[in-house]
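run_30.txt, holding compact mmCIF, C-alpha atoms:
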```txt
# COMPACT_ATOMS: atom_id res chain seq x y z
CA MET A 130 8.49 10.64 7.63
CA LYS A 131 8.61 13.68 5.41
CA ARG A 132 7.24 16.80 7.03
CA GLU A 133 4.57 18.62 5.03
CA THR A 134 5.77 22.00 3.78
CA ASN A 135 3.68 25.13 3.97
CA PRO A 136 2.86 25.28 0.21
CA GLU A 137 1.94 21.59 0.22
CA ARG A 138 -0.36 22.10 3.18
CA LYS A 139 -1.99 25.07 1.50
CA THR A 140 -2.56 23.04 -1.67
CA ARG A 141 -4.06 20.16 0.33
CA LEU A 142 -6.40 22.50 2.19
CA ARG A 143 -7.47 24.11 -1.07
CA TRP A 144 -8.33 20.73 -2.57
CA GLN A 145 -10.26 19.84 0.59
CA TYR A 146 -12.18 23.10 0.32
CA LEU A 147 -13.03 22.45 -3.35
CA LEU A 148 -14.13 18.91 -2.49
CA HIS A 149 -16.48 20.12 0.23
CA THR A 150 -17.80 22.97 -1.92
CA TRP A 151 -18.23 21.21 -5.27
CA GLY A 152 -17.42 17.53 -4.87
CA TYR A 153 -20.38 16.53 -2.73
CA PRO A 154 -23.12 18.32 -4.73
CA LEU A 155 -21.67 17.16 -8.05
CA GLY A 156 -21.41 13.62 -6.74
CA THR A 157 -25.00 13.74 -5.50
CA ALA A 158 -26.21 15.07 -8.85
CA LEU A 159 -24.37 12.28 -10.67
CA VAL A 160 -25.94 9.60 -8.45
CA VAL A 161 -29.42 11.10 -8.98
CA LEU A 162 -28.95 11.14 -12.76
CA MET A 163 -27.75 7.53 -12.76
CA LEU A 164 -30.73 6.43 -10.68
CA TRP A 165 -33.07 8.40 -12.95
CA GLU A 166 -31.60 6.77 -16.05
CA GLY A 167 -31.68 3.28 -14.57
CA LEU A 168 -35.18 3.43 -13.11
CA VAL A 169 -36.76 4.91 -16.24
CA ARG A 170 -35.29 2.11 -18.35
CA LEU A 171 -35.95 -0.62 -15.79
CA LEU A 172 -39.59 0.37 -15.26
CA GLN A 173 -40.05 1.14 -18.97
CA VAL A 174 -41.56 4.54 -18.28
CA PRO A 175 -42.92 6.04 -21.53
CA HIS A 176 -40.67 8.79 -22.86
CA TYR A 177 -43.63 11.17 -23.21
CA ILE A 178 -44.02 10.97 -19.40
CA LEU A 179 -40.41 10.99 -18.22
CA PRO A 180 -37.45 10.64 -20.60
CA PRO A 181 -34.06 9.39 -19.37
CA PRO A 182 -31.24 11.94 -19.01
CA SER A 183 -29.41 10.44 -22.00
CA GLU A 184 -32.36 11.28 -24.26
CA ILE A 185 -32.51 14.83 -22.87
CA VAL A 186 -28.82 15.31 -23.66
CA HIS A 187 -29.32 13.84 -27.14
CA GLU A 188 -32.26 16.13 -27.87
CA GLY A 189 -30.36 19.14 -26.58
CA ILE A 190 -27.39 18.42 -28.83
CA THR A 191 -29.27 17.46 -31.99
CA LYS A 192 -31.81 20.32 -31.69
CA PHE A 193 -29.28 22.92 -30.53
CA SER A 194 -29.60 24.90 -33.76
CA PHE A 195 -33.35 25.25 -33.11
CA ILE A 196 -32.94 26.17 -29.44
CA ALA A 197 -30.14 28.71 -29.90
CA PRO A 198 -32.18 31.56 -31.54
CA HIS A 199 -34.86 31.32 -28.85
CA TYR A 200 -32.15 31.16 -26.19
CA GLY A 201 -30.68 34.45 -27.41
CA ILE A 202 -34.05 36.20 -27.28
CA THR A 203 -34.86 35.06 -23.74
CA LEU A 204 -31.33 35.84 -22.57
CA TYR A 205 -31.68 39.37 -23.97
CA GLU A 206 -35.04 39.92 -22.24
CA ALA A 207 -33.76 38.64 -18.90
CA THR A 208 -30.51 40.60 -19.10
CA VAL A 209 -32.15 43.93 -19.91
CA GLY A 210 -34.76 43.52 -17.17
CA PHE A 211 -32.15 42.46 -14.62
CA ILE A 212 -29.79 45.34 -15.41
CA ALA A 213 -32.68 47.84 -15.31
CA ALA A 214 -33.66 46.54 -11.87
CA ILE A 215 -30.08 47.05 -10.66
CA LEU A 216 -29.82 50.57 -12.10
CA ILE A 217 -33.10 51.64 -10.48
CA GLY A 218 -33.34 49.46 -7.37
CA ILE A 219 -29.98 50.30 -5.75
CA PRO A 220 -30.18 54.12 -6.17
CA LEU A 221 -33.81 54.11 -5.02
CA GLY A 222 -32.90 52.07 -1.95
CA LEU A 223 -30.11 54.55 -1.21
CA LEU A 224 -32.47 57.51 -1.67
CA LEU A 225 -35.08 56.14 0.73
CA SER A 226 -32.43 55.27 3.31
CA TYR A 227 -31.27 58.90 3.34
CA SER A 228 -34.76 60.42 3.54
CA PRO A 229 -37.04 59.48 6.47
CA PHE A 230 -39.90 61.33 4.75
CA LEU A 231 -39.61 59.30 1.55
CA ARG A 232 -39.15 56.09 3.52
CA ARG A 233 -42.32 56.67 5.55
CA SER A 234 -44.23 57.69 2.43
CA PHE A 235 -43.20 55.05 -0.09
CA TYR A 236 -41.75 52.05 1.76
CA PRO A 237 -45.18 50.68 2.83
CA VAL A 238 -46.40 51.07 -0.76
CA PHE A 239 -43.48 49.06 -2.13
CA VAL A 240 -44.04 46.36 0.49
CA VAL A 241 -47.73 46.06 -0.45
CA ILE A 242 -46.91 45.83 -4.16
CA ASP A 243 -44.22 43.23 -3.42
CA GLU A 244 -46.86 40.98 -1.87
CA VAL A 245 -48.71 40.76 -5.19
CA PRO A 246 -47.70 37.64 -7.18
CA LYS A 247 -45.50 39.03 -9.95
CA VAL A 248 -46.88 36.68 -12.61
CA ALA A 249 -50.25 38.41 -12.18
CA PHE A 250 -48.79 41.40 -14.03
CA ALA A 251 -47.96 39.31 -17.12
CA PRO A 252 -51.38 39.40 -18.89
CA ILE A 253 -51.76 43.09 -18.05
CA LEU A 254 -48.37 43.94 -19.54
CA VAL A 255 -49.13 41.91 -22.67
CA THR A 256 -52.43 43.79 -23.04
CA TRP A 257 -50.71 47.15 -22.63
CA PHE A 258 -47.54 46.59 -24.66
CA GLY A 259 -48.38 43.80 -27.08
CA PHE A 260 -46.51 40.62 -28.00
CA GLY A 261 -43.01 42.08 -28.43
CA LEU A 262 -40.00 42.03 -26.14
CA LEU A 263 -41.02 44.99 -23.96
CA PRO A 264 -43.57 43.22 -21.69
CA LYS A 265 -41.08 40.40 -21.08
CA MET A 266 -38.37 42.83 -20.04
CA ILE A 267 -40.76 44.76 -17.80
CA LEU A 268 -41.93 41.62 -16.01
CA THR A 269 -38.31 40.55 -15.52
CA PHE A 270 -37.64 44.00 -14.09
CA ILE A 271 -40.59 43.66 -11.68
CA ASN A 272 -39.42 40.21 -10.58
CA CYS A 273 -35.90 41.46 -9.86
CA PHE A 274 -36.58 44.98 -8.61
CA PHE A 275 -38.08 44.36 -5.18
CA ALA A 276 -35.36 42.01 -3.95
CA ILE A 277 -32.68 44.49 -5.01
CA PHE A 278 -34.49 47.58 -3.73
CA LEU A 279 -35.55 46.21 -0.33
CA ASN A 280 -32.16 44.67 0.46
CA SER A 281 -30.31 47.78 -0.71
CA MET A 282 -32.46 50.02 1.45
CA ALA A 283 -31.94 47.71 4.43
CA GLY A 284 -28.19 47.75 3.86
CA PHE A 285 -27.91 51.52 3.61
CA SER A 286 -30.28 52.02 6.59
CA THR A 287 -28.60 49.71 9.12
CA ILE A 288 -25.21 51.39 9.33
CA GLN A 289 -23.92 51.91 12.87
CA GLU A 290 -23.90 55.60 13.67
CA GLU A 291 -20.71 55.17 15.70
CA TYR A 292 -18.79 54.64 12.46
CA ILE A 293 -20.34 57.73 10.88
CA ASN A 294 -19.58 59.85 13.95
CA LEU A 295 -16.03 58.51 14.05
CA GLY A 296 -15.54 59.43 10.40
CA ARG A 297 -16.90 62.93 10.94
CA SER A 298 -14.70 63.45 13.95
CA ALA A 299 -11.72 62.50 11.76
CA GLY A 300 -12.72 65.20 9.30
CA ALA A 301 -14.16 62.98 6.56
CA ARG A 302 -16.39 64.66 4.02
CA GLU A 303 -19.86 63.42 3.22
CA TRP A 304 -18.80 61.69 0.00
CA GLU A 305 -15.92 60.01 1.86
CA LEU A 306 -18.33 58.79 4.54
CA PHE A 307 -20.52 57.34 1.82
CA TRP A 308 -17.71 55.71 -0.16
CA LYS A 309 -15.67 54.34 2.73
CA ILE A 310 -18.34 53.58 5.34
CA ARG A 311 -21.91 53.58 4.06
CA LEU A 312 -21.26 51.75 0.79
CA HIS A 313 -18.93 49.16 2.31
CA SER A 314 -21.38 48.46 5.13
CA ALA A 315 -24.31 48.13 2.72
CA LEU A 316 -22.67 45.95 0.05
CA PRO A 317 -23.30 42.58 1.79
CA ASN A 318 -27.03 43.32 1.88
CA VAL A 319 -26.97 44.66 -1.66
CA PHE A 320 -25.43 41.44 -2.95
CA VAL A 321 -28.03 39.38 -1.11
CA GLY A 322 -30.65 41.23 -3.13
CA LEU A 323 -28.67 40.88 -6.35
CA LYS A 324 -28.33 37.11 -5.95
CA MET A 325 -32.01 36.75 -5.08
CA ALA A 326 -32.91 38.75 -8.18
CA ALA A 327 -30.50 36.73 -10.34
CA ALA A 328 -32.26 33.54 -9.26
CA VAL A 329 -35.65 34.77 -10.56
CA ALA A 330 -34.53 36.85 -13.54
CA MET A 331 -35.65 34.19 -16.02
CA THR A 332 -39.11 33.82 -14.51
CA GLY A 333 -40.56 37.06 -15.84
CA ALA A 334 -39.33 36.55 -19.38
CA VAL A 335 -40.43 32.92 -19.61
CA VAL A 336 -43.88 33.47 -18.05
CA SER A 337 -44.58 36.30 -20.49
CA GLU A 338 -43.50 34.06 -23.36
CA PHE A 339 -45.96 31.42 -22.18
CA LEU A 340 -48.80 33.94 -22.55
CA ALA A 341 -47.95 35.66 -25.81
CA ALA A 342 -44.82 35.40 -27.91
CA ASP A 343 -43.60 34.47 -31.35
CA ARG A 344 -40.11 33.50 -30.15
CA GLY A 345 -38.24 32.68 -26.93
CA LEU A 346 -37.57 29.63 -24.78
CA GLY A 347 -41.01 29.79 -23.19
CA LEU A 348 -42.69 29.48 -26.59
CA PHE A 349 -40.24 26.76 -27.68
CA LEU A 350 -40.98 24.78 -24.51
CA GLN A 351 -44.71 24.98 -25.16
CA LYS A 352 -44.22 23.68 -28.69
CA ALA A 353 -42.05 20.80 -27.48
CA LEU A 354 -44.62 19.79 -24.87
CA SER A 355 -47.51 20.09 -27.34
CA GLU A 356 -45.72 17.45 -29.42
CA LEU A 357 -45.18 15.30 -26.29
CA ASN A 358 -41.42 15.61 -26.82
CA LEU A 359 -40.43 15.76 -23.17
CA GLY A 360 -36.79 15.13 -24.00
CA LEU A 361 -36.67 18.39 -25.94
CA GLY A 362 -38.80 20.03 -23.23
CA PHE A 363 -36.32 19.13 -20.50
CA ALA A 364 -33.44 20.25 -22.74
CA THR A 365 -35.17 23.63 -23.10
CA ILE A 366 -35.59 23.85 -19.33
CA ALA A 367 -31.88 23.08 -18.97
CA ALA A 368 -31.14 25.99 -21.32
CA MET A 369 -33.23 28.26 -19.08
CA TRP A 370 -31.33 26.94 -16.08
CA THR A 371 -27.97 27.89 -17.58
CA VAL A 372 -29.07 31.53 -17.81
CA GLY A 373 -30.05 31.60 -14.15
CA MET A 374 -26.76 29.95 -13.18
CA VAL A 375 -24.74 32.49 -15.15
CA PHE A 376 -26.59 35.38 -13.51
CA PHE A 377 -26.32 33.94 -10.00
CA TYR A 378 -22.67 32.90 -10.12
CA GLY A 379 -21.79 36.08 -11.99
CA MET A 380 -23.10 38.05 -9.00
CA THR A 381 -21.31 35.65 -6.65
CA PHE A 382 -18.01 36.22 -8.48
CA ILE A 383 -18.38 40.00 -8.36
CA GLU A 384 -19.31 39.76 -4.68
CA SER A 385 -16.16 37.75 -3.92
CA ARG A 386 -14.06 40.49 -5.50
CA LEU A 387 -15.79 43.53 -4.00
CA ILE A 388 -16.41 42.31 -0.44
CA HIS A 389 -13.69 39.69 0.00
CA TRP A 390 -13.20 41.08 3.50
CA HIS A 391 -16.71 40.13 4.65
CA VAL A 392 -17.33 37.10 6.87
CA SER A 393 -19.52 35.52 4.17
CA GLN A 394 -16.45 35.25 1.90
CA ARG A 395 -14.24 33.44 4.40
CA GLY A 396 -15.04 29.87 3.43
CA ASP A 397 -11.40 29.62 2.34
CA GLU A 398 -10.16 31.31 5.49
CA LYS A 399 -8.06 28.38 6.69
CA ILE A 400 -6.22 28.28 3.39
CA MET A 401 -5.56 31.99 3.28
CA THR A 402 -4.25 32.04 6.83
CA VAL A 403 -1.69 29.31 6.25
CA GLN A 404 1.55 31.26 5.86
```
As structure tokens, please, write out the structure in this file.
Amino acid sequence: MKRETNPERKTRLRWQYLLHTWGYPLGTALVVLMLWEGLVRLLQVPHYILPPPSEIVHEGITKFSFIAPHYGITLYEATVGFIAAILIGIPLGLLLSYSPFLRRSFYPVFVVIDEVPKVAFAPILVTWFGFGLLPKMILTFINCFFAIFLNSMAGFSTIQEEYINLGRSAGAREWELFWKIRLHSALPNVFVGLKMAAAVAMTGAVVSEFLAADRGLGLFLQKALSELNLGLGFATIAAMWTVGMVFFYGMTFIESRLIHWHVSQRGDEKIMTVQ
């Protein structure tokens, strides 16, 4: 019997890892879609109540030219709001972690505001800023900001002082302590906040478009549903879903590159240790 070589074993383990990571969920999704398609046709469910997946795909393909312009607008709103939340949330979390005075003064305020349902701000923002893109971007920012800010502050605040003292005893300067110890220790928490924010980035833009908009996926979805075209409605929802997936897995990819050393990134550990 031929003995398995090290590269062959590594390849086998990699395929096993991919199967466990992607094979099972993709297989489950395929079974669900097949059951959905079969039951809708078997029970003759009206298409204005629940269309089969094949009709949703057909509507998405044939009406793609109508969806695409609205997709670009909503993607722009979500992207700007998400990036603004990153640029403000992480530095603010760092600032409050360094200053006990600011943390005692402002942290309870942020927690109280975070408890308010974010969609409640949508009609206020539309009243203040009108029907343009600005209120959508602001609501996206609000949806994303708190997850990023709170997790960043937690990450920068929970660093073990032993590491800081060790660095100082070795003669490290303050910026070196930040770059090599504080930032590396905080990054896992920061990426938790980033992925949470990525998952809700679309919500603010779409909710605002429901209330007042002349373009965007939220408006397009309302029009599709007003015509009882649920196939096109589900295709529009799928378009929204792709934006959220790109944001989330984009953050996951960056995380895997920046903190590959962290325990959360060791799902492939068996493969990497086979030498």
Problem set entry | Atom-to-atom span, atom CA of A:Leu350 and atom CA of A:Met369, Å |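 Between these atoms lies a distance of 10.1 Å.
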Exercise. To one decimal place, how far is atom CA of A:Leu164 from atom CA of A:Leu148 in Å?
Worked result: 22.3 Å
Given only C-alpha atoms, how would the per-residue table for stretch 333-366 of chain A near stretch 198-222 of chain A read, listing every residue at most 9 Å away with its closest atom pair and distance in Å to one decimal, sorted by chain and number, as CSV?
```
residue,atom,partner,partner_atom,distance
A:Gly333,CA,A:Ala207,CA,7.6
A:Ala334,CA,A:Ala207,CA,6.0
A:Val335,CA,A:Thr203,CA,7.3
A:Glu338,CA,A:Thr203,CA,8.7
A:Arg344,CA,A:His199,CA,5.8
A:Gly345,CA,A:His199,CA,4.1
A:Leu346,CA,A:His199,CA,5.2
A:Gly347,CA,A:Thr203,CA,8.1
A:Leu348,CA,A:His199,CA,8.4
A:Phe349,CA,A:His199,CA,7.1
A:Thr365,CA,A:Tyr200,CA,8.7
```
Problem set entry | Separation of atom CA of A:Leu224 from atom CA of A:Ile267 in Å |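 We find that atom CA of A:Ile267 and atom CA of A:Leu224 lie 22.2 Å from each other.
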Excluding same-chain residues fewer than 6 positions from A:Pro229, what lies within 12 Å of it counting all atoms listed in the file, as a PDB file with C-alpha atoms, in the frame of the given file?
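Generated file (part_14.pdb):
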```pdb
ATOM      1  CA  GLY A 222     -32.900  52.070  -1.950  1.00  0.00           C
ATOM      2  CA  LEU A 223     -30.110  54.550  -1.210  1.00  0.00           C
ATOM      3  CA  PHE A 235     -43.200  55.050  -0.090  1.00  0.00           C
ATOM      4  CA  TYR A 236     -41.750  52.050   1.760  1.00  0.00           C
ATOM      5  CA  MET A 282     -32.460  50.020   1.450  1.00  0.00           C
ATOM      6  CA  SER A 286     -30.280  52.020   6.590  1.00  0.00           C
TER       7      SER A 286
END
```
For this session: Give the answer as one residue: which of A:Leu361, A:Val174, A:Leu263, A:Cys273 has the shortest atom-to-atom distance to A:Val321, using all atoms listed in the file?
Result: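 Closest residue, counting all atoms listed in the file: A:Cys273.
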For this session: Considering all atoms listed in the file, return as a list in words whatever protein or nucleic-acid residues lie within 10 Å of stretch 167-170 of chain A, sequence-local ones (same chain, fewer than 6 positions apart) excluded.
Result: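 After dropping sequence-adjacent residues, the list is Val161, His176, Ile178, Leu179, Pro180, Pro181 and Pro182 of chain A.
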Please dump the current selection as a PDB file, keeping the file's coordinate frame; keep C-alpha atoms.
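Everything below was put into again-v4.pdb:
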```
ATOM      1  CA  VAL A 161     -29.420  11.100  -8.980  1.00  0.00           C
ATOM      2  CA  HIS A 176     -40.670   8.790 -22.860  1.00  0.00           C
ATOM      3  CA  ILE A 178     -44.020  10.970 -19.400  1.00  0.00           C
ATOM      4  CA  LEU A 179     -40.410  10.990 -18.220  1.00  0.00           C
ATOM      5  CA  PRO A 180     -37.450  10.640 -20.600  1.00  0.00           C
ATOM      6  CA  PRO A 181     -34.060   9.390 -19.370  1.00  0.00           C
ATOM      7  CA  PRO A 182     -31.240  11.940 -19.010  1.00  0.00           C
TER       8      PRO A 182
END
```
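Remark: for A:Gly360, the closest of the candidate residues A:Val186, A:Ile277, A:Leu316, A:Leu159 is A:Val186 (distances computed over only C-alpha atoms).
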For this session: Would you mind telling me which residue in A:Ala158, A:Tyr378, A:Ala364, A:His149 lies nearest to A:Ile196 when using only C-alpha atoms?
Result: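 Selected residue with least distance to A:Ile196: A:Ala364.
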Seminar exercise, completed: Restricting to only C-alpha atoms, whichever of A:Ile271, A:Met331, A:Leu225, A:Leu171 is closest to A:Glu244 is A:Ile271
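Between A:Val248 and the residues A:Ile388, A:Leu268, A:Leu231, A:Ala342, the shortest atom-to-atom distance, using all atoms listed in the file, involves A:Leu268.
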Problem set entry | Among the residues A:Asp243, A:Phe193, A:Pro317, A:Asn280, the one that comes closest to A:Arg386 [using all atoms listed in the file] |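 So, comparing all the options, the nearest one is A:Pro317.
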Your completed stretch 217-228 of chain A with all heavy atoms, as a PDB file, keeping the file's coordinate frame:
```pdb
ATOM      1  N   ILE A 217     -32.052  50.884 -11.160  1.00  0.00           N
ATOM      2  CA  ILE A 217     -33.100  51.640 -10.480  1.00  0.00           C
ATOM      3  C   ILE A 217     -33.211  51.232  -9.012  1.00  0.00           C
ATOM      4  O   ILE A 217     -33.391  52.083  -8.135  1.00  0.00           O
ATOM      5  CB  ILE A 217     -34.453  51.439 -11.203  1.00  0.00           C
ATOM      6  CG1 ILE A 217     -34.381  52.026 -12.614  1.00  0.00           C
ATOM      7  CG2 ILE A 217     -35.589  52.091 -10.419  1.00  0.00           C
ATOM      8  CD1 ILE A 217     -35.616  51.786 -13.456  1.00  0.00           C
ATOM      9  N   GLY A 218     -33.106  49.950  -8.726  1.00  0.00           N
ATOM     10  CA  GLY A 218     -33.340  49.460  -7.370  1.00  0.00           C
ATOM     11  C   GLY A 218     -32.315  49.943  -6.358  1.00  0.00           C
ATOM     12  O   GLY A 218     -32.675  50.370  -5.254  1.00  0.00           O
ATOM     13  N   ILE A 219     -31.021  49.890  -6.708  1.00  0.00           N
ATOM     14  CA  ILE A 219     -29.980  50.300  -5.750  1.00  0.00           C
ATOM     15  C   ILE A 219     -30.034  51.796  -5.464  1.00  0.00           C
ATOM     16  O   ILE A 219     -30.051  52.198  -4.292  1.00  0.00           O
ATOM     17  CB  ILE A 219     -28.590  49.861  -6.255  1.00  0.00           C
ATOM     18  CG1 ILE A 219     -28.501  48.333  -6.299  1.00  0.00           C
ATOM     19  CG2 ILE A 219     -27.496  50.423  -5.348  1.00  0.00           C
ATOM     20  CD1 ILE A 219     -27.191  47.807  -6.853  1.00  0.00           C
ATOM     21  N   PRO A 220     -30.077  52.678  -6.489  1.00  0.00           N
ATOM     22  CA  PRO A 220     -30.180  54.120  -6.170  1.00  0.00           C
ATOM     23  C   PRO A 220     -31.456  54.476  -5.407  1.00  0.00           C
ATOM     24  O   PRO A 220     -31.429  55.342  -4.522  1.00  0.00           O
ATOM     25  CB  PRO A 220     -30.169  54.778  -7.555  1.00  0.00           C
ATOM     26  CG  PRO A 220     -29.471  53.806  -8.435  1.00  0.00           C
ATOM     27  CD  PRO A 220     -29.885  52.460  -7.928  1.00  0.00           C
ATOM     28  N   LEU A 221     -32.565  53.813  -5.733  1.00  0.00           N
ATOM     29  CA  LEU A 221     -33.810  54.110  -5.020  1.00  0.00           C
ATOM     30  C   LEU A 221     -33.725  53.658  -3.566  1.00  0.00           C
ATOM     31  O   LEU A 221     -34.208  54.354  -2.655  1.00  0.00           O
ATOM     32  CB  LEU A 221     -34.986  53.430  -5.720  1.00  0.00           C
ATOM     33  CG  LEU A 221     -36.383  53.876  -5.284  1.00  0.00           C
ATOM     34  CD1 LEU A 221     -36.572  55.369  -5.524  1.00  0.00           C
ATOM     35  CD2 LEU A 221     -37.443  53.084  -6.042  1.00  0.00           C
ATOM     36  N   GLY A 222     -33.105  52.516  -3.329  1.00  0.00           N
ATOM     37  CA  GLY A 222     -32.900  52.070  -1.950  1.00  0.00           C
ATOM     38  C   GLY A 222     -32.026  53.029  -1.181  1.00  0.00           C
ATOM     39  O   GLY A 222     -32.278  53.325  -0.004  1.00  0.00           O
ATOM     40  N   LEU A 223     -30.980  53.549  -1.841  1.00  0.00           N
ATOM     41  CA  LEU A 223     -30.110  54.550  -1.210  1.00  0.00           C
ATOM     42  C   LEU A 223     -30.880  55.823  -0.904  1.00  0.00           C
ATOM     43  O   LEU A 223     -30.754  56.393   0.187  1.00  0.00           O
ATOM     44  CB  LEU A 223     -28.930  54.849  -2.128  1.00  0.00           C
ATOM     45  CG  LEU A 223     -27.996  55.983  -1.706  1.00  0.00           C
ATOM     46  CD1 LEU A 223     -27.319  55.660  -0.380  1.00  0.00           C
ATOM     47  CD2 LEU A 223     -26.951  56.241  -2.787  1.00  0.00           C
ATOM     48  N   LEU A 224     -31.707  56.271  -1.848  1.00  0.00           N
ATOM     49  CA  LEU A 224     -32.470  57.510  -1.670  1.00  0.00           C
ATOM     50  C   LEU A 224     -33.414  57.403  -0.477  1.00  0.00           C
ATOM     51  O   LEU A 224     -33.482  58.311   0.359  1.00  0.00           O
ATOM     52  CB  LEU A 224     -33.250  57.819  -2.944  1.00  0.00           C
ATOM     53  CG  LEU A 224     -34.119  59.080  -2.927  1.00  0.00           C
ATOM     54  CD1 LEU A 224     -33.257  60.322  -2.747  1.00  0.00           C
ATOM     55  CD2 LEU A 224     -34.931  59.178  -4.217  1.00  0.00           C
ATOM     56  N   LEU A 225     -34.139  56.299  -0.375  1.00  0.00           N
ATOM     57  CA  LEU A 225     -35.080  56.140   0.730  1.00  0.00           C
ATOM     58  C   LEU A 225     -34.368  55.970   2.063  1.00  0.00           C
ATOM     59  O   LEU A 225     -34.907  56.347   3.105  1.00  0.00           O
ATOM     60  CB  LEU A 225     -36.020  54.969   0.476  1.00  0.00           C
ATOM     61  CG  LEU A 225     -37.374  55.336  -0.163  1.00  0.00           C
ATOM     62  CD1 LEU A 225     -37.166  55.873  -1.573  1.00  0.00           C
ATOM     63  CD2 LEU A 225     -38.317  54.136  -0.177  1.00  0.00           C
ATOM     64  N   SER A 226     -33.168  55.415   2.048  1.00  0.00           N
ATOM     65  CA  SER A 226     -32.430  55.270   3.310  1.00  0.00           C
ATOM     66  C   SER A 226     -31.951  56.618   3.831  1.00  0.00           C
ATOM     67  O   SER A 226     -31.810  56.797   5.042  1.00  0.00           O
ATOM     68  CB  SER A 226     -31.218  54.342   3.090  1.00  0.00           C
ATOM     69  OG  SER A 226     -30.224  54.963   2.300  1.00  0.00           O
ATOM     70  N   TYR A 227     -31.718  57.569   2.932  1.00  0.00           N
ATOM     71  CA  TYR A 227     -31.270  58.900   3.340  1.00  0.00           C
ATOM     72  C   TYR A 227     -32.430  59.794   3.775  1.00  0.00           C
ATOM     73  O   TYR A 227     -32.228  60.746   4.528  1.00  0.00           O
ATOM     74  CB  TYR A 227     -30.532  59.587   2.181  1.00  0.00           C
ATOM     75  CG  TYR A 227     -29.036  59.445   2.229  1.00  0.00           C
ATOM     76  CD1 TYR A 227     -28.393  58.495   1.448  1.00  0.00           C
ATOM     77  CD2 TYR A 227     -28.260  60.249   3.047  1.00  0.00           C
ATOM     78  CE1 TYR A 227     -27.009  58.349   1.485  1.00  0.00           C
ATOM     79  CE2 TYR A 227     -26.882  60.113   3.091  1.00  0.00           C
ATOM     80  CZ  TYR A 227     -26.269  59.166   2.309  1.00  0.00           C
ATOM     81  OH  TYR A 227     -24.896  59.024   2.356  1.00  0.00           O
ATOM     82  N   SER A 228     -33.626  59.532   3.292  1.00  0.00           N
ATOM     83  CA  SER A 228     -34.760  60.420   3.540  1.00  0.00           C
ATOM     84  C   SER A 228     -35.833  59.731   4.374  1.00  0.00           C
ATOM     85  O   SER A 228     -36.577  58.890   3.850  1.00  0.00           O
ATOM     86  CB  SER A 228     -35.362  60.886   2.209  1.00  0.00           C
ATOM     87  OG  SER A 228     -36.549  61.611   2.423  1.00  0.00           O
TER      88      SER A 228
END
```
